[in-house]
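Peer 1: So here's start-v8.cif, just mmCIF, C-alpha atoms:
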```
data_my_file
#
loop_
_atom_site.group_PDB
_atom_site.id
_atom_site.type_symbol
_atom_site.label_atom_id
_atom_site.label_comp_id
_atom_site.auth_asym_id
_atom_site.auth_seq_id
_atom_site.Cartn_x
_atom_site.Cartn_y
_atom_site.Cartn_z
ATOM 1 C CA MET L 439 0.000 0.000 0.000
ATOM 2 C CA LYS L 440 2.807 2.427 0.926
ATOM 3 C CA SER L 441 4.672 1.698 -2.305
ATOM 4 C CA ASN L 442 1.518 2.306 -4.366
ATOM 5 C CA LYS L 443 0.908 5.601 -2.572
ATOM 6 C CA ALA L 444 4.504 6.697 -3.104
ATOM 7 C CA GLY L 445 4.262 5.751 -6.767
ATOM 8 C CA ARG L 446 1.121 7.870 -7.206
ATOM 9 C CA ILE L 447 2.783 10.832 -5.518
ATOM 10 C CA VAL L 448 5.817 10.559 -7.800
ATOM 11 C CA LEU L 449 3.557 10.275 -10.845
ATOM 12 C CA GLU L 450 1.580 13.362 -9.791
ATOM 13 C CA VAL L 451 4.767 15.367 -9.254
ATOM 14 C CA VAL L 452 6.066 14.338 -12.681
ATOM 15 C CA MET L 453 2.740 15.255 -14.336
ATOM 16 C CA ILE L 454 2.720 18.647 -12.591
ATOM 17 C CA LEU L 455 6.254 19.374 -13.795
ATOM 18 C CA LEU L 456 5.348 18.359 -17.345
ATOM 19 C CA SER L 457 2.269 20.568 -17.190
ATOM 20 C CA LEU L 458 4.411 23.526 -16.143
ATOM 21 C CA VAL L 459 6.796 22.873 -19.022
ATOM 22 C CA PHE L 460 3.936 22.923 -21.551
ATOM 23 C CA LEU L 461 2.240 25.946 -19.937
ATOM 24 C CA TYR L 462 5.414 28.034 -19.761
ATOM 25 C CA PRO L 463 5.289 29.228 -23.414
ATOM 26 C CA LEU L 464 1.695 30.364 -22.887
ATOM 27 C CA PHE L 465 2.775 32.163 -19.716
ATOM 28 C CA LEU L 466 5.520 33.978 -21.652
ATOM 29 C CA ALA L 467 3.025 34.975 -24.340
ATOM 30 C CA VAL L 468 0.635 36.424 -21.750
ATOM 31 C CA ILE L 469 3.229 38.442 -19.818
ATOM 32 C CA ASN L 470 4.838 39.771 -23.001
ATOM 33 C CA SER L 471 1.444 40.808 -24.345
ATOM 34 C CA LEU L 472 1.250 43.168 -21.355
ATOM 35 C CA LYS L 473 4.644 44.810 -21.953
ATOM 36 C CA SER L 474 5.834 47.709 -24.063
ATOM 37 C CA PHE L 475 8.137 47.102 -27.008
ATOM 38 C CA GLN L 476 11.150 48.259 -24.995
ATOM 39 C CA GLU L 477 10.414 45.848 -22.153
ATOM 40 C CA VAL L 478 9.977 42.917 -24.531
ATOM 41 C CA MET L 479 13.297 43.617 -26.207
ATOM 42 C CA THR L 480 15.066 44.161 -22.880
ATOM 43 C CA ASP L 481 13.972 41.035 -21.013
ATOM 44 C CA VAL L 482 11.486 38.506 -22.373
ATOM 45 C CA ILE L 483 11.289 36.453 -19.200
ATOM 46 C CA ALA L 484 10.797 39.284 -16.683
ATOM 47 C CA LEU L 485 7.361 40.308 -15.474
ATOM 48 C CA PRO L 486 6.005 43.587 -16.877
ATOM 49 C CA LYS L 487 6.883 46.667 -14.826
ATOM 50 C CA LYS L 488 3.681 48.333 -15.982
ATOM 51 C CA LEU L 489 0.688 46.541 -17.469
ATOM 52 C CA ALA L 490 0.278 47.745 -21.049
ATOM 53 C CA VAL L 491 -3.400 46.812 -21.347
ATOM 54 C CA GLU L 492 -3.685 49.261 -24.239
ATOM 55 C CA ASN L 493 -2.022 46.574 -26.384
ATOM 56 C CA TYR L 494 -5.287 44.662 -26.410
ATOM 57 C CA SER L 495 -7.435 47.610 -27.488
ATOM 58 C CA TYR L 496 -4.932 48.468 -30.232
ATOM 59 C CA VAL L 497 -4.809 44.913 -31.589
ATOM 60 C CA TRP L 498 -8.609 44.605 -31.349
ATOM 61 C CA LYS L 499 -9.044 47.578 -33.688
ATOM 62 C CA TYR L 500 -6.011 46.995 -35.904
ATOM 63 C CA ILE L 501 -6.861 43.422 -36.918
ATOM 64 C CA ASP L 502 -10.642 43.962 -36.757
ATOM 65 C CA TYR L 503 -11.026 41.199 -34.173
ATOM 66 C CA PRO L 504 -14.826 40.704 -34.509
ATOM 67 C CA ARG L 505 -14.525 40.036 -38.252
ATOM 68 C CA LEU L 506 -11.634 37.593 -37.833
ATOM 69 C CA PHE L 507 -13.471 35.908 -34.953
ATOM 70 C CA LEU L 508 -16.403 35.392 -37.317
ATOM 71 C CA ASN L 509 -14.056 33.935 -39.947
ATOM 72 C CA ASN L 510 -12.645 31.494 -37.403
ATOM 73 C CA THR L 511 -16.127 30.529 -36.288
ATOM 74 C CA ILE L 512 -17.308 29.856 -39.846
ATOM 75 C CA VAL L 513 -14.258 27.730 -40.662
ATOM 76 C CA THR L 514 -14.433 25.787 -37.393
ATOM 77 C CA VAL L 515 -18.182 25.127 -37.461
ATOM 78 C CA LEU L 516 -18.160 24.138 -41.131
ATOM 79 C CA GLY L 517 -15.131 21.908 -40.647
ATOM 80 C CA LEU L 518 -16.613 20.220 -37.576
ATOM 81 C CA ALA L 519 -19.992 19.643 -39.215
ATOM 82 C CA GLY L 520 -18.447 17.900 -42.214
ATOM 83 C CA ILE L 521 -15.995 15.834 -40.167
ATOM 84 C CA ILE L 522 -18.655 14.580 -37.755
ATOM 85 C CA LEU L 523 -21.299 13.856 -40.404
ATOM 86 C CA ILE L 524 -19.027 12.118 -42.920
ATOM 87 C CA SER L 525 -16.908 10.247 -40.381
ATOM 88 C CA SER L 526 -19.759 8.947 -38.244
ATOM 89 C CA ILE L 527 -21.699 7.583 -41.231
ATOM 90 C CA ALA L 528 -18.602 6.068 -42.815
ATOM 91 C CA ALA L 529 -17.442 4.482 -39.556
ATOM 92 C CA TYR L 530 -20.876 3.016 -38.856
ATOM 93 C CA LYS L 531 -21.157 1.493 -42.320
ATOM 94 C CA LEU L 532 -17.614 0.090 -42.236
ATOM 95 C CA ALA L 533 -18.064 -1.344 -38.738
ATOM 96 C CA ARG L 534 -21.331 -3.060 -39.632
ATOM 97 C CA THR L 535 -20.061 -4.460 -42.959
ATOM 98 C CA LYS L 536 -17.931 -7.537 -42.323
ATOM 99 C CA SER L 537 -15.957 -8.191 -45.500
ATOM 100 C CA ARG L 538 -12.432 -7.975 -46.860
ATOM 101 C CA ILE L 539 -13.366 -4.957 -48.990
ATOM 102 C CA SER L 540 -14.701 -3.159 -45.916
ATOM 103 C CA SER L 541 -11.433 -3.792 -44.065
ATOM 104 C CA ILE L 542 -9.411 -2.470 -47.002
ATOM 105 C CA VAL L 543 -11.577 0.670 -47.278
ATOM 106 C CA TYR L 544 -11.263 1.243 -43.528
ATOM 107 C CA PHE L 545 -7.484 0.977 -43.761
ATOM 108 C CA LEU L 546 -7.431 3.451 -46.664
ATOM 109 C CA CYS L 547 -9.606 5.863 -44.670
ATOM 110 C CA ILE L 548 -7.324 5.974 -41.635
ATOM 111 C CA MET L 549 -4.006 5.674 -43.498
ATOM 112 C CA PRO L 550 -3.766 9.456 -44.180
ATOM 113 C CA MET L 551 -3.059 9.931 -40.461
ATOM 114 C CA LEU L 552 0.435 8.616 -41.223
ATOM 115 C CA ILE L 553 1.099 11.109 -44.027
ATOM 116 C CA PRO L 554 2.700 14.437 -42.956
ATOM 117 C CA PHE L 555 0.794 17.452 -44.217
ATOM 118 C CA GLN L 556 4.011 19.135 -45.376
ATOM 119 C CA SER L 557 4.573 16.363 -47.919
ATOM 120 C CA ILE L 558 1.248 17.010 -49.692
ATOM 121 C CA MET L 559 0.565 20.688 -49.013
ATOM 122 C CA LEU L 560 1.601 21.897 -52.485
ATOM 123 C CA THR L 561 -0.669 19.316 -54.107
ATOM 124 C CA VAL L 562 -3.535 20.324 -51.815
ATOM 125 C CA LEU L 563 -2.935 23.992 -52.628
ATOM 126 C CA GLN L 564 -3.073 23.358 -56.365
ATOM 127 C CA LEU L 565 -6.172 21.171 -56.040
ATOM 128 C CA ALA L 566 -7.921 23.806 -53.937
ATOM 129 C CA LYS L 567 -7.237 26.418 -56.621
ATOM 130 C CA ASP L 568 -8.497 24.113 -59.378
ATOM 131 C CA ILE L 569 -11.834 23.516 -57.631
ATOM 132 C CA ASN L 570 -12.184 27.130 -56.384
ATOM 133 C CA LEU L 571 -11.777 26.403 -52.665
ATOM 134 C CA SER L 572 -8.866 28.782 -52.053
ATOM 135 C CA ASP L 573 -9.226 32.355 -50.752
ATOM 136 C CA SER L 574 -12.553 31.658 -49.002
ATOM 137 C CA THR L 575 -13.538 30.736 -45.465
ATOM 138 C CA TRP L 576 -16.061 28.116 -46.560
ATOM 139 C CA GLY L 577 -13.489 26.544 -48.859
ATOM 140 C CA LEU L 578 -11.005 26.349 -45.995
ATOM 141 C CA GLY L 579 -13.661 24.707 -43.814
ATOM 142 C CA ILE L 580 -14.340 22.066 -46.482
ATOM 143 C CA LEU L 581 -10.633 21.241 -46.749
ATOM 144 C CA TYR L 582 -10.603 20.320 -43.069
ATOM 145 C CA TRP L 583 -13.072 17.522 -43.809
ATOM 146 C CA GLY L 584 -10.401 15.467 -45.509
ATOM 147 C CA PHE L 585 -7.704 16.163 -42.927
ATOM 148 C CA GLY L 586 -9.942 15.533 -39.907
ATOM 149 C CA ALA L 587 -11.903 12.513 -41.149
ATOM 150 C CA PRO L 588 -9.195 9.801 -40.688
ATOM 151 C CA LEU L 589 -8.851 10.251 -36.918
ATOM 152 C CA ALA L 590 -12.600 10.714 -36.471
ATOM 153 C CA ILE L 591 -13.354 7.533 -38.435
ATOM 154 C CA PHE L 592 -10.817 5.651 -36.327
ATOM 155 C CA ILE L 593 -12.452 6.770 -33.064
ATOM 156 C CA TYR L 594 -16.044 6.278 -34.281
ATOM 157 C CA HIS L 595 -15.249 2.859 -35.751
ATOM 158 C CA GLY L 596 -13.927 1.515 -32.459
ATOM 159 C CA PHE L 597 -16.988 2.763 -30.579
ATOM 160 C CA VAL L 598 -19.573 1.481 -33.084
ATOM 161 C CA LYS L 599 -18.140 -2.030 -32.787
ATOM 162 C CA GLY L 600 -19.214 -1.988 -29.139
ATOM 163 C CA ILE L 601 -22.857 -1.206 -29.989
ATOM 164 C CA PRO L 602 -24.934 -4.431 -30.208
ATOM 165 C CA LYS L 603 -26.262 -5.227 -33.665
ATOM 166 C CA GLU L 604 -29.574 -6.199 -32.089
ATOM 167 C CA ILE L 605 -30.320 -2.467 -31.816
ATOM 168 C CA ASP L 606 -30.076 -2.162 -35.601
ATOM 169 C CA GLU L 607 -32.262 -5.223 -36.125
ATOM 170 C CA SER L 608 -34.946 -3.956 -33.749
ATOM 171 C CA ALA L 609 -35.085 -0.565 -35.482
ATOM 172 C CA THR L 610 -35.226 -2.224 -38.896
ATOM 173 C CA ILE L 611 -38.131 -4.439 -37.811
ATOM 174 C CA ASP L 612 -39.945 -1.286 -36.643
ATOM 175 C CA GLY L 613 -39.615 0.078 -40.170
ATOM 176 C CA ALA L 614 -36.660 2.431 -39.835
ATOM 177 C CA SER L 615 -34.733 3.055 -43.046
ATOM 178 C CA GLY L 616 -30.933 3.220 -43.207
ATOM 179 C CA PHE L 617 -30.510 6.943 -42.571
ATOM 180 C CA ARG L 618 -33.368 7.076 -40.077
ATOM 181 C CA LEU L 619 -31.823 4.181 -38.190
ATOM 182 C CA PHE L 620 -28.505 5.959 -38.001
ATOM 183 C CA PHE L 621 -29.687 9.455 -37.054
ATOM 184 C CA THR L 622 -32.439 8.461 -34.609
ATOM 185 C CA VAL L 623 -30.906 5.378 -32.985
ATOM 186 C CA ILE L 624 -27.142 5.091 -33.539
ATOM 187 C CA PHE L 625 -25.948 8.696 -33.634
ATOM 188 C CA PRO L 626 -27.386 9.614 -30.183
ATOM 189 C CA LEU L 627 -25.351 6.695 -28.774
ATOM 190 C CA LEU L 628 -22.179 8.316 -30.177
ATOM 191 C CA LYS L 629 -22.528 11.383 -27.955
ATOM 192 C CA SER L 630 -19.425 10.738 -25.840
ATOM 193 C CA VAL L 631 -17.041 10.192 -28.750
ATOM 194 C CA THR L 632 -18.634 13.017 -30.730
ATOM 195 C CA THR L 633 -17.869 15.376 -27.840
ATOM 196 C CA THR L 634 -14.272 14.167 -27.833
ATOM 197 C CA ILE L 635 -13.924 14.750 -31.571
ATOM 198 C CA ILE L 636 -15.440 18.220 -31.230
ATOM 199 C CA ILE L 637 -12.928 19.197 -28.540
ATOM 200 C CA ILE L 638 -9.925 17.824 -30.427
ATOM 201 C CA ASP L 639 -10.923 19.381 -33.737
ATOM 202 C CA VAL L 640 -11.896 22.762 -32.259
ATOM 203 C CA MET L 641 -8.432 23.034 -30.692
ATOM 204 C CA TRP L 642 -6.849 22.033 -34.011
ATOM 205 C CA ILE L 643 -8.928 23.992 -36.529
ATOM 206 C CA TRP L 644 -9.243 27.165 -34.460
ATOM 207 C CA ASN L 645 -5.508 27.408 -33.780
ATOM 208 C CA ASP L 646 -4.231 26.055 -37.095
ATOM 209 C CA PHE L 647 -1.731 28.255 -38.890
ATOM 210 C CA LEU L 648 -0.204 26.454 -41.867
ATOM 211 C CA LEU L 649 -3.335 25.530 -43.844
ATOM 212 C CA PRO L 650 -4.937 29.007 -43.511
ATOM 213 C CA LEU L 651 -1.569 30.544 -44.437
ATOM 214 C CA LEU L 652 -1.599 28.578 -47.694
ATOM 215 C CA MET L 653 -5.298 28.949 -48.523
ATOM 216 C CA VAL L 654 -6.572 32.361 -47.374
ATOM 217 C CA ASN L 655 -3.515 34.476 -46.499
ATOM 218 C CA GLY L 656 -3.741 36.426 -49.744
ATOM 219 C CA SER L 657 -7.133 37.922 -48.914
ATOM 220 C CA PRO L 658 -7.420 40.253 -45.867
ATOM 221 C CA SER L 659 -11.187 39.642 -45.597
ATOM 222 C CA THR L 660 -10.742 35.895 -45.116
ATOM 223 C CA LYS L 661 -7.812 35.804 -42.697
ATOM 224 C CA THR L 662 -8.052 33.892 -39.436
ATOM 225 C CA LEU L 663 -7.010 35.007 -35.964
ATOM 226 C CA THR L 664 -3.745 33.067 -35.963
ATOM 227 C CA LEU L 665 -2.743 34.714 -39.239
ATOM 228 C CA ALA L 666 -3.427 38.111 -37.694
ATOM 229 C CA ALA L 667 -0.581 37.606 -35.220
ATOM 230 C CA TYR L 668 1.727 36.949 -38.172
ATOM 231 C CA THR L 669 1.001 40.414 -39.609
ATOM 232 C CA PHE L 670 2.946 42.049 -36.757
ATOM 233 C CA VAL L 671 6.135 40.172 -37.676
ATOM 234 C CA GLY L 672 7.960 41.581 -40.706
ATOM 235 C CA GLN L 673 11.314 41.403 -42.443
ATOM 236 C CA TYR L 674 12.615 44.729 -41.178
ATOM 237 C CA THR L 675 10.614 45.353 -38.009
ATOM 238 C CA SER L 676 8.559 43.252 -35.618
ATOM 239 C CA ASP L 677 6.084 44.451 -33.001
ATOM 240 C CA TRP L 678 6.478 41.484 -30.704
ATOM 241 C CA GLN L 679 4.237 42.887 -27.991
ATOM 242 C CA TYR L 680 1.356 43.140 -30.474
ATOM 243 C CA ALA L 681 2.135 39.721 -31.956
ATOM 244 C CA MET L 682 1.937 38.166 -28.482
ATOM 245 C CA THR L 683 -1.278 40.051 -27.764
ATOM 246 C CA ALA L 684 -2.867 38.865 -30.992
ATOM 247 C CA MET L 685 -1.804 35.284 -30.280
ATOM 248 C CA VAL L 686 -3.319 35.359 -26.779
ATOM 249 C CA MET L 687 -6.564 36.774 -28.187
ATOM 250 C CA ALA L 688 -6.561 34.088 -30.873
ATOM 251 C CA VAL L 689 -6.091 31.038 -28.637
ATOM 252 C CA LEU L 690 -8.223 32.216 -25.705
ATOM 253 C CA PRO L 691 -11.605 31.043 -27.120
ATOM 254 C CA SER L 692 -10.306 27.521 -27.782
ATOM 255 C CA ILE L 693 -8.790 27.362 -24.286
ATOM 256 C CA ILE L 694 -12.165 28.312 -22.787
ATOM 257 C CA VAL L 695 -13.885 25.557 -24.793
ATOM 258 C CA PHE L 696 -11.256 23.059 -23.669
ATOM 259 C CA MET L 697 -11.624 24.016 -19.983
ATOM 260 C CA PHE L 698 -15.378 23.436 -20.061
ATOM 261 C CA LEU L 699 -15.312 20.186 -22.042
ATOM 262 C CA GLN L 700 -11.927 18.594 -21.236
ATOM 263 C CA LYS L 701 -13.455 16.021 -18.880
ATOM 264 C CA HIS L 702 -15.084 14.352 -21.887
ATOM 265 C CA ILE L 703 -11.803 13.744 -23.746
ATOM 266 C CA VAL L 704 -10.549 10.730 -21.793
ATOM 267 C CA LYS L 705 -14.046 9.295 -21.529
ATOM 268 C CA GLY L 706 -14.601 9.511 -25.277
ATOM 269 C CA VAL L 707 -11.183 8.173 -26.271
ATOM 270 C CA VAL L 708 -11.508 5.193 -23.933
ATOM 271 C CA ALA L 709 -15.017 4.535 -25.250
ATOM 272 C CA GLY L 710 -13.688 4.686 -28.800
ATOM 273 C CA ALA L 711 -11.082 2.055 -27.994
ATOM 274 C CA VAL L 712 -13.685 -0.582 -27.086
ATOM 275 C CA LYS L 713 -13.608 -3.589 -29.360
ATOM 276 C CA GLY L 714 -16.730 -5.533 -30.196
#
```
Go ahead and render the structure in this file as structure tokens.

Peer 2:
Amino acid sequence: MKSNKAGRIVLEVVMILLSLVFLYPLFLAVINSLKSFQEVMTDVIALPKKLAVENYSYVWKYIDYPRLFLNNTIVTVLGLAGIILISSIAAYKLARTKSRISSIVYFLCIMPMLIPFQSIMLTVLQLAKDINLSDSTWGLGILYWGFGAPLAIFIYHGFVKGIPKEIDESATIDGASGFRLFFTVIFPLLKSVTTTIIIIDVMWIWNDFLLPLLMVNGSPSTKTLTLAAYTFVGQYTSDWQYAMTAMVMAVLPSIIVFMFLQKHIVKGVVAGAVKG
């Protein structure tokens, strides 16, 4: 008993230290967002001598925060809707179809998780231009469907295998069609893993930088919040205090969502790992 208690204490201490390591960059961003340019250039690590709260009002007006917040919301909501709808239906069908072809299709669906985005980003950029998805918020949201579906299908597939097939048979006997069966019977049972996918993808899509940089950076009206921070960093001069302020304002909404829903992450991932 004593050894188990000591082991838990050591584990907790290690986890706390790791948490501090990961939170330290965010801490630096916050304190530097409250400094003047001179203070940032003098000592990045030191606490601000005087809180420069005017940085936030300046950045709010300069980047037109409400408009960029709306852009982020459109991209995130559209991306989430497509990922959840496509992935849940695909995972359900693949899990219920027991055949070699189904296994091959499932493998092809989740295989893109192993492919680094940097290796295909030029191809994606050219394809997006060819089908008129570049330089628009809705086009950017649609592109996230393909990048987010593999992980979502993997999680949904594992959870669906734990749902008894007798539920499907009972609904079919009652006259439910394929789509009605899924949306009225199966999909409500996927609530826990759907919440997990929402949290993971909100954190990813909202804070993503590289894909928006490639797809919508050329148009000021379609920029996202993370791209706004990049506008304060130039070749000849950089307003680091404003860049830090813009970054804090960009990531804050996703952090709030995570704080309210983080308890569902472990629950959903463990549920998605159940094998039927």

Peer 1: Take the PyMOL selection byres ((chain L and resi 655-668) around 7), apply it to the structure above, and return the hits as a VMD selection string.

Peer 2: chain L and resid 501 506 to 507 509 to 510 573 to 575 645 647 650 to 654 669 to 671 681 684 to 685 688

Peer 1: Given all atoms listed in the file as the basis, pick out the residue of L:Ile527, L:Leu589, L:Ala566, L:Val482 nearest to Gly616 of chain L.

Peer 2: L:Ile527

Peer 1: For the structure shown, which residues end up in the PyMOL selection byres ((chain L and resi 563) around 12)? Put them as a tab-separated table (two decimals) with C-alpha atoms, keeping the file's coordinate frame, please?

Peer 2:
```
chain	number	residue	atom	x	y	z
L	555	PHE	CA	0.79	17.45	-44.22
L	556	GLN	CA	4.01	19.14	-45.38
L	557	SER	CA	4.57	16.36	-47.92
L	558	ILE	CA	1.25	17.01	-49.69
L	559	MET	CA	0.56	20.69	-49.01
L	560	LEU	CA	1.60	21.90	-52.48
L	561	THR	CA	-0.67	19.32	-54.11
L	562	VAL	CA	-3.54	20.32	-51.82
L	564	GLN	CA	-3.07	23.36	-56.36
L	565	LEU	CA	-6.17	21.17	-56.04
L	566	ALA	CA	-7.92	23.81	-53.94
L	567	LYS	CA	-7.24	26.42	-56.62
L	568	ASP	CA	-8.50	24.11	-59.38
L	569	ILE	CA	-11.83	23.52	-57.63
L	570	ASN	CA	-12.18	27.13	-56.38
L	571	LEU	CA	-11.78	26.40	-52.66
L	572	SER	CA	-8.87	28.78	-52.05
L	573	ASP	CA	-9.23	32.35	-50.75
L	577	GLY	CA	-13.49	26.54	-48.86
L	578	LEU	CA	-11.00	26.35	-46.00
L	581	LEU	CA	-10.63	21.24	-46.75
L	648	LEU	CA	-0.20	26.45	-41.87
L	649	LEU	CA	-3.34	25.53	-43.84
L	650	PRO	CA	-4.94	29.01	-43.51
L	651	LEU	CA	-1.57	30.54	-44.44
L	652	LEU	CA	-1.60	28.58	-47.69
L	653	MET	CA	-5.30	28.95	-48.52
L	654	VAL	CA	-6.57	32.36	-47.37
```

Peer 1: Restricting the calculation to all atoms listed in the file: of L:Lys499, L:His595, L:Ala587, L:Phe460, which residue gets closest to Ser540 of chain L?

Peer 2: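 Between L:Lys499, L:His595, L:Ala587, L:Phe460, the residue approaching Ser540 of chain L most closely is L:His595.
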
Peer 1: Can you work out the spacing between atom CA of Ile454 of chain L and atom CA of Val686 of chain L in Å, to one decimal?

Peer 2: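 Between these atoms lies a distance of 22.7 Å.
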
Peer 1: What does the structure give for the distance between atom CA of Asn493 of chain L and atom CA of Val640 of chain L, in Å to one decimal?

Peer 2: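 We find that atom CA of Asn493 of chain L and atom CA of Val640 of chain L lie 26.4 Å from each other.
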